[in-house]
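Reviewing the structure listed below.
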Number of protein chains: 2
Amino acid sequence: MTVTARAPAVAPSALDSAFGGWLRLLGPERAHRDARALRAASRATFATSGTVLAILEPASREEVQGCVKIANQYGVPLYPVSTGKNWGYGSRAPVRDAALLYLGRMNRIVGFDEDLGYVTIEPGVTQRQLLEFLREHGSRLWMDATGASPECSIIGNTMERGFGHTPMGDHCGTACGLEVVLPTGELLQTGFGRFEGAHTAALGRWGVGPSLDGLFSQSNLGIVTRMSVWLMPAPEAFEAFFFTCATAEGLAPVIEAIRPLRMEGTLRSVMHIGNDYKVVAASGRYPWEEVEGRTPLGREEMTRLRSALGVGAWSGSGGLYGTPAHVKEAKRRLRHALAGKVDRIQFVNDRTLGILRRFPKAIGRLMRIDVAKTLAVLDPVYSLLKGVPTASPLASAYWRKKGGPPAMDLDPDRDGCGLLWCSPVLPNTGAAAAEVTTLASRVLLEHGFEPQMSISVATERMLVCVITISYDRDVAGEDERASACYRRLVQDLLGRGYPPYRLPVSSMDTVSDRSTFADTVAAIKAALDPGNIIAPGRYSSATPRD
Amino acid sequence: MTVTARAPAVAPSALDSAFGGWLRLLGPERAHRDARALRAASRATFATSGTVLAILEPASREEVQGCVKIANQYGVPLYPVSTGKNWGYGSRAPVRDAALLYLGRMNRIVGFDEDLGYVTIEPGVTQRQLLEFLREHGSRLWMDATGASPECSIIGNTMERGFGHTPMGDHCGTACGLEVVLPTGELLQTGFGRFEGAHTAALGRWGVGPSLDGLFSQSNLGIVTRMSVWLMPAPEAFEAFFFTCATAEGLAPVIEAIRPLRMEGTLRSVMHIGNDYKVVAASGRYPWEEVEGRTPLGREEMTRLRSALGVGAWSGSGGLYGTPAHVKEAKRRLRHALAGKVDRIQFVNDRTLGILRRFPKAIGRLMRIDVAKTLAVLDPVYSLLKGVPTASPLASAYWRKKGGPPAMDLDPDRDGCGLLWCSPVLPNTGAAAAEVTTLASRVLLEHGFEPQMSISVATERMLVCVITISYDRDVAGEDERASACYRRLVQDLLGRGYPPYRLPVSSMDTVSDRSTFADTVAAIKAALDPGNIIAPGRYSSATPRD
């Protein structure tokens, strides 16, 4: 792993000329460089080094093409974002200095088929918007949602290889038919869409000839302006399950018990297991008073805290989808597989949730639980399992902020929340899960951070561990400590065979190794983007000009 | 669609020099150019124009790299095949003159994990070999198999986007971690495999950064020398189903009834529906006597023939996989969905098949069927649904051969079988299935061929129609008629929005349009293969040198 030299800054005269062109194309409403707005757009939830030089807001693919042509003409790079809510990985902040190409205004849903189960969308279409669209159309289709905000772009998340909670949770695996503005300004249709009028443009991933879709996720090879997303029919039956393990060591046996169920298809969706730090951070704020202002929150303190809250070392959740008979069978098998490995397992469906909502006091007395508190934790997870996005997880970005989150209009970038995600992938085995979480826990505590972690059973064969470095950017030195912690973590994990599935903008050099892979990507980049105009350095530090 | 000029022939002196190099590298056993062997290797099951200039048989990735370097040095193209059994699409015959790089000797299974369900294989590993490997290891894993011969390469089929019959039937979607010898001779690892020692190299498809896997299927951008294939655990319960529709018009309602079951997950696998011509050709030879030597076999004659054989206009088959409760529920829903739309539906499992095999006479009398004949038709399909490859379908390549297939050692290339496949993709709707099959039926009969067709419910959203042009290459004029028929068919289908998912070597110009897609592929080709050394013209007529 080598750190390449930073590209030379953009010459002010070139920027002025390019900006003039963009201004003529888009007008002052949609091409601007107000210093405050530029500062805000350059700011992520951790230290980054790229600066936003101008903000461009095209409203159509033709305007995107125009912006790209001007960028090429003057040699000023563009950094495309959909809605720019890539929190924890860099938000809108570019890897290197660039004009921000904000695609949020392109927010049309341009195709929809209830029977074949898909929508065709533009990059500004958010999770909330798709949900509302489906509801307005009385659709029986479910979307998949990520735990990020309802205002997040679906294309943005998919191109970063985000994942959700339903059987359609592997977003790259359930999307196809990309329309891409290439770095030259030309318009590419991937898959069968290359053939005028092809009926399968939104239905098949491979097309005929080489499949190019993969080139445009986690890359800087083009700007996706349209994509088809597959949706699932609402299942006849749905049931959520929740379980806890008392001890940290309980994770490995649970993973081993879950894998066969996933492999055989009893579990069809992404399942998530969070540790005590993750659950406590999701449901509250740092206990400043209890620990007299000390950080980090140590193991013993957390054990005390989680006991008081009735939380285990690990808390898992997932969904069962299918016909009533399917779901009944899945419940039986899940119960059987987890027996003796979890402390309790609970099933929740629309009916039980309705009862809980209608009779909170009676049930609270009967079951000796705080129903309001239970619902506050339960509701967002339950929603996500049904593909309904929720704003709840966003508040946890304020974990270490002494003031806590504002009452409304949360904005972790603006509010100085420190949030940096390290997300290694690992085999779907208990041993790997134990090794990675033990290592991460140690490294984070050593660097002064709470090891908030989740393990997602992302596919039949693979787990993703999302390790959260959460801090307060307004505390001096914390940015540097967080950065050092991330680097140590990613190096230790890579050294043990656990690469990340996704990278923060500050750590693209993780993939700038001198491998044939990096060289091949660089050769393709040079062929498609000779001017190195699109997002220089993104997922490939080895750019042709360096 | 334009037909580009043929590349200039390889200069004899360059070929001699290159061959000298290959001979030194591989020895005379594995680098040869015996005229008879070259002629045989240049011969497919339809008219092709590329000639095999030499045959090279590397036994390791290092030897593949060596061959590629020599090819570059002297400018002599290589045409890589795995086992070369791409029947109906071109067998081993190159698109343009090239030395054949036969990878059949690289046939090791280099990785295997029972719990995580995968094998890592070389290109020479055949379907039969993997099956035997799994049996020898007492594995509980099932592979997926295509209807092609047991001697077919798994990597070869996957890179051509072949599909099978089980829930793992989308081969490109269930493979990852490619090792590729690039046109420069360098060795590329795709996905997480780029990181030394990554535990997820065989487990995840995307990796970090751009995903390159798609570039190497249906392309000429590299030579895949290793790949991981995912396998499924043997389900606790399995049941095959078979149904027939009396009339051609019965297809559309069946497709409409099947789609919701596939979308909801009741049906989890590729389902195949063949027409009368397909079923009759699979179970016998052309009825030369009955029709007094006339071709083609007309609609009326076929209707008479199929009635005599007790075959419907369409015959469908599929598998139900899962726990006993799952399979029971799936049976119930399938029966319900198809009620009134099919003439009969039958379920077969290991137990019923065992009884049939043990008491053929008694059951034959009782059910008034010829049990031996029933088993002959049933067995291969039943096997494929369980991922067990079968040699049976190969015999149907001899449909129009008056002598019929030889008793053993079938070789359609050698034996002058005419076999040319046109395989459009279409939405998973009854209307599309009816339109494509009606069109294809008309075009084939007009050109003097029987419209053998199958409709595969390949995914939730997409059908693949495989249209077989079957003939006798030894009959004068038939090659030309078959070629004309194919071109008319593909043009008519493309014009109506139904592109093919795969191409015969003689029709690569189908994708040499002047689209941005073709230009982008050409730009990548020029970047990765400046010498245009690997399979010139394959899935991209627009080569950098043309």
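All residue names refer to the structure tokens as shown: chains lettered A, B, ... in order, residues numbered from 1 in each chain, ligands numbered from 1 in order.
Around Ala237 (chain B), within 9 Å and counting only C-alpha atoms, the residues found are B:Ala234, B:Leu320, B:Tyr321, B:Gly322, B:Thr323, B:Pro324, B:Ala325, B:His326, B:Val327, B:Asn349, once anything fewer than 3 positions away on its own chain is removed.
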query = What residues in chain B have any atom no more than 6 Å from chain A when counting only C-alpha atoms, and can you write them as a ChimeraX atom specification?
reply = /B:116,188,197-200,203,208-211,214-215,217-219,426-427,461,497-498,501-502,516-517,524,539
Output N, CA and C atoms for every residue in that selection, as a PDB file, in the first residue's frame.
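Writing done, so here's out_22.pdb:
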```pdb
ATOM      1  N   LEU B 116     -19.079 -23.554   3.555  1.00  0.00           N
ATOM      2  CA  LEU B 116     -19.394 -22.305   2.844  1.00  0.00           C
ATOM      3  C   LEU B 116     -19.882 -22.579   1.423  1.00  0.00           C
ATOM      4  N   LEU B 188      -4.345 -11.422 -13.320  1.00  0.00           N
ATOM      5  CA  LEU B 188      -5.282 -10.583 -12.569  1.00  0.00           C
ATOM      6  C   LEU B 188      -6.142 -11.448 -11.656  1.00  0.00           C
ATOM      7  N   GLY B 197      -4.181 -13.269   0.432  1.00  0.00           N
ATOM      8  CA  GLY B 197      -4.677 -13.955   1.630  1.00  0.00           C
ATOM      9  C   GLY B 197      -6.093 -13.596   2.052  1.00  0.00           C
ATOM     10  N   ALA B 198      -6.838 -12.873   1.201  1.00  0.00           N
ATOM     11  CA  ALA B 198      -8.203 -12.499   1.578  1.00  0.00           C
ATOM     12  C   ALA B 198      -9.073 -13.759   1.728  1.00  0.00           C
ATOM     13  N   HIS B 199      -9.767 -13.850   2.863  1.00  0.00           N
ATOM     14  CA  HIS B 199     -10.586 -15.037   3.122  1.00  0.00           C
ATOM     15  C   HIS B 199     -11.864 -15.052   2.294  1.00  0.00           C
ATOM     16  N   THR B 200     -12.224 -13.923   1.702  1.00  0.00           N
ATOM     17  CA  THR B 200     -13.491 -13.830   0.989  1.00  0.00           C
ATOM     18  C   THR B 200     -13.324 -13.881  -0.530  1.00  0.00           C
ATOM     19  N   LEU B 203     -15.944 -15.878  -1.966  1.00  0.00           N
ATOM     20  CA  LEU B 203     -17.246 -15.754  -1.288  1.00  0.00           C
ATOM     21  C   LEU B 203     -18.065 -14.548  -1.712  1.00  0.00           C
ATOM     22  N   VAL B 208     -13.752  -4.699  -3.687  1.00  0.00           N
ATOM     23  CA  VAL B 208     -13.768  -3.278  -3.343  1.00  0.00           C
ATOM     24  C   VAL B 208     -13.178  -2.516  -4.528  1.00  0.00           C
ATOM     25  N   GLY B 209     -13.786  -1.420  -4.900  1.00  0.00           N
ATOM     26  CA  GLY B 209     -13.454  -0.764  -6.168  1.00  0.00           C
ATOM     27  C   GLY B 209     -14.286  -1.377  -7.283  1.00  0.00           C
ATOM     28  N   PRO B 210     -14.012  -0.959  -8.526  1.00  0.00           N
ATOM     29  CA  PRO B 210     -14.822  -1.459  -9.640  1.00  0.00           C
ATOM     30  C   PRO B 210     -14.849  -2.990  -9.670  1.00  0.00           C
ATOM     31  N   SER B 211     -15.962  -3.537 -10.036  1.00  0.00           N
ATOM     32  CA  SER B 211     -16.081  -4.994 -10.152  1.00  0.00           C
ATOM     33  C   SER B 211     -15.784  -5.378 -11.596  1.00  0.00           C
ATOM     34  N   GLY B 214     -17.504  -8.999 -14.780  1.00  0.00           N
ATOM     35  CA  GLY B 214     -18.356  -8.937 -15.967  1.00  0.00           C
ATOM     36  C   GLY B 214     -17.588  -8.760 -17.267  1.00  0.00           C
ATOM     37  N   LEU B 215     -16.394  -8.184 -17.171  1.00  0.00           N
ATOM     38  CA  LEU B 215     -15.607  -7.940 -18.386  1.00  0.00           C
ATOM     39  C   LEU B 215     -15.166  -9.225 -19.065  1.00  0.00           C
ATOM     40  N   SER B 217     -16.734 -12.326 -19.147  1.00  0.00           N
ATOM     41  CA  SER B 217     -17.684 -13.266 -19.740  1.00  0.00           C
ATOM     42  C   SER B 217     -18.129 -12.697 -21.075  1.00  0.00           C
ATOM     43  N   GLN B 218     -18.387 -13.566 -22.027  1.00  0.00           N
ATOM     44  CA  GLN B 218     -18.754 -13.164 -23.398  1.00  0.00           C
ATOM     45  C   GLN B 218     -17.860 -12.021 -23.869  1.00  0.00           C
ATOM     46  N   SER B 219     -16.575 -12.272 -23.875  1.00  0.00           N
ATOM     47  CA  SER B 219     -15.666 -11.201 -24.278  1.00  0.00           C
ATOM     48  C   SER B 219     -14.379 -11.781 -24.827  1.00  0.00           C
ATOM     49  N   LEU B 426     -36.517 -12.382 -23.231  1.00  0.00           N
ATOM     50  CA  LEU B 426     -37.788 -11.673 -23.249  1.00  0.00           C
ATOM     51  C   LEU B 426     -38.312 -11.507 -21.838  1.00  0.00           C
ATOM     52  N   PRO B 427     -39.215 -10.540 -21.647  1.00  0.00           N
ATOM     53  CA  PRO B 427     -39.796 -10.391 -20.312  1.00  0.00           C
ATOM     54  C   PRO B 427     -40.557 -11.646 -19.932  1.00  0.00           C
ATOM     55  N   ARG B 461     -37.702 -12.376 -13.623  1.00  0.00           N
ATOM     56  CA  ARG B 461     -38.209 -11.363 -14.550  1.00  0.00           C
ATOM     57  C   ARG B 461     -37.979 -11.651 -16.016  1.00  0.00           C
ATOM     58  N   GLY B 497     -37.463  -5.963 -30.332  1.00  0.00           N
ATOM     59  CA  GLY B 497     -37.027  -5.707 -28.959  1.00  0.00           C
ATOM     60  C   GLY B 497     -36.580  -6.938 -28.188  1.00  0.00           C
ATOM     61  N   TYR B 498     -36.218  -8.003 -28.924  1.00  0.00           N
ATOM     62  CA  TYR B 498     -35.799  -9.239 -28.255  1.00  0.00           C
ATOM     63  C   TYR B 498     -34.377  -9.620 -28.657  1.00  0.00           C
ATOM     64  N   TYR B 501     -29.247 -13.537 -25.900  1.00  0.00           N
ATOM     65  CA  TYR B 501     -28.386 -13.455 -24.701  1.00  0.00           C
ATOM     66  C   TYR B 501     -26.987 -13.972 -25.004  1.00  0.00           C
ATOM     67  N   ARG B 502     -26.789 -14.590 -26.175  1.00  0.00           N
ATOM     68  CA  ARG B 502     -25.542 -15.296 -26.493  1.00  0.00           C
ATOM     69  C   ARG B 502     -25.452 -15.408 -28.014  1.00  0.00           C
ATOM     70  N   THR B 516     -22.567   3.494 -28.295  1.00  0.00           N
ATOM     71  CA  THR B 516     -21.571   3.851 -27.293  1.00  0.00           C
ATOM     72  C   THR B 516     -21.094   2.600 -26.565  1.00  0.00           C
ATOM     73  N   PHE B 517     -21.995   1.633 -26.411  1.00  0.00           N
ATOM     74  CA  PHE B 517     -21.599   0.385 -25.750  1.00  0.00           C
ATOM     75  C   PHE B 517     -20.460  -0.270 -26.526  1.00  0.00           C
ATOM     76  N   ILE B 524     -11.914  -0.343 -24.193  1.00  0.00           N
ATOM     77  CA  ILE B 524     -11.335  -1.199 -23.140  1.00  0.00           C
ATOM     78  C   ILE B 524     -10.459  -2.271 -23.783  1.00  0.00           C
ATOM     79  N   TYR B 539     -17.445 -11.292 -29.627  1.00  0.00           N
ATOM     80  CA  TYR B 539     -18.367 -10.378 -28.941  1.00  0.00           C
ATOM     81  C   TYR B 539     -17.987  -8.916 -29.113  1.00  0.00           C
TER      82      TYR B 539
END
```
Region 272-275 of chain B surroundings by only C-alpha atoms, 6 Å radius, close-in-sequence under 6 positions cut, as an NGL selection string = :B and (313-317 or 453-456)
Point-to-point distance in Å for CA of Ser392 (chain A) and CA of Thr45 (chain A) = 17.7 Å
task = Select from region 196-391 of chain B everything DSSP, run on the backbone, classes as helix (DSSP H, G or I), then give the selection as a PyMOL selection string.
result = chain B and resi 213-216+248-264+276-283+299-309+324-338+350-358+360-367+371-385
Test item: residues at most 7 Å from Val76 (chain A), only C-alpha atoms, excluding those fewer than 3 positions along its chain, as a PyMOL selection string = chain A and resi 10+14-15+18+71-72+98+533
So that I have them on file, write out the residues from the current selection with N, CA, C and O atoms, as a tab-separated table (two decimals), in the first residue's frame.
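Output file selection.tsv follows:
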```
chain	number	residue	atom	x	y	z
A	10	VAL	N	-6.12	22.66	-8.95
A	10	VAL	CA	-6.67	23.17	-10.21
A	10	VAL	C	-6.27	24.64	-10.36
A	10	VAL	O	-6.39	25.42	-9.42
A	14	ALA	N	-8.23	28.21	-15.01
A	14	ALA	CA	-8.99	27.12	-15.62
A	14	ALA	C	-10.35	26.99	-14.94
A	14	ALA	O	-11.38	26.82	-15.59
A	15	LEU	N	-10.32	27.11	-13.61
A	15	LEU	CA	-11.57	27.01	-12.86
A	15	LEU	C	-12.53	28.13	-13.25
A	15	LEU	O	-13.72	27.90	-13.48
A	18	ALA	N	-13.97	27.34	-16.68
A	18	ALA	CA	-14.94	26.25	-16.60
A	18	ALA	C	-16.21	26.74	-15.92
A	18	ALA	O	-17.32	26.47	-16.39
A	71	ALA	N	-15.95	20.39	-18.29
A	71	ALA	CA	-14.89	19.93	-17.38
A	71	ALA	C	-13.68	19.46	-18.17
A	71	ALA	O	-12.53	19.78	-17.84
A	72	ASN	N	-13.95	18.70	-19.24
A	72	ASN	CA	-12.86	18.23	-20.09
A	72	ASN	C	-12.15	19.36	-20.80
A	72	ASN	O	-10.91	19.36	-20.91
A	98	ALA	N	-12.30	19.34	-6.55
A	98	ALA	CA	-13.16	19.15	-7.72
A	98	ALA	C	-14.40	20.01	-7.59
A	98	ALA	O	-14.76	20.45	-6.49
A	533	ILE	N	-11.00	13.39	-15.43
A	533	ILE	CA	-11.96	14.44	-15.12
A	533	ILE	C	-12.97	14.01	-14.05
A	533	ILE	O	-13.50	14.84	-13.32
```
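Distance-wise, CA of Asp170 (chain A) and CA of Trp142 (chain A) end up 14.3 Å apart.
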Exercise: region 485-489 of chain A partners within 9 Å, only C-alpha atoms, chain neighbours under 4 positions left out, as a list in words =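 Counting only the stated atoms, we get Leu420, Trp421, Cys422, Leu439, Ala440, Val443, Leu444, Glu446, His447, Gly448, Phe449, Ile469, Glu480, Arg481, Leu493, Leu494 and Ser507 of chain A.
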ask   = To one decimal place, how far is CA of Gly104 (chain B) from CA of Ser82 (chain B) in Å?
value = 5.5 Å
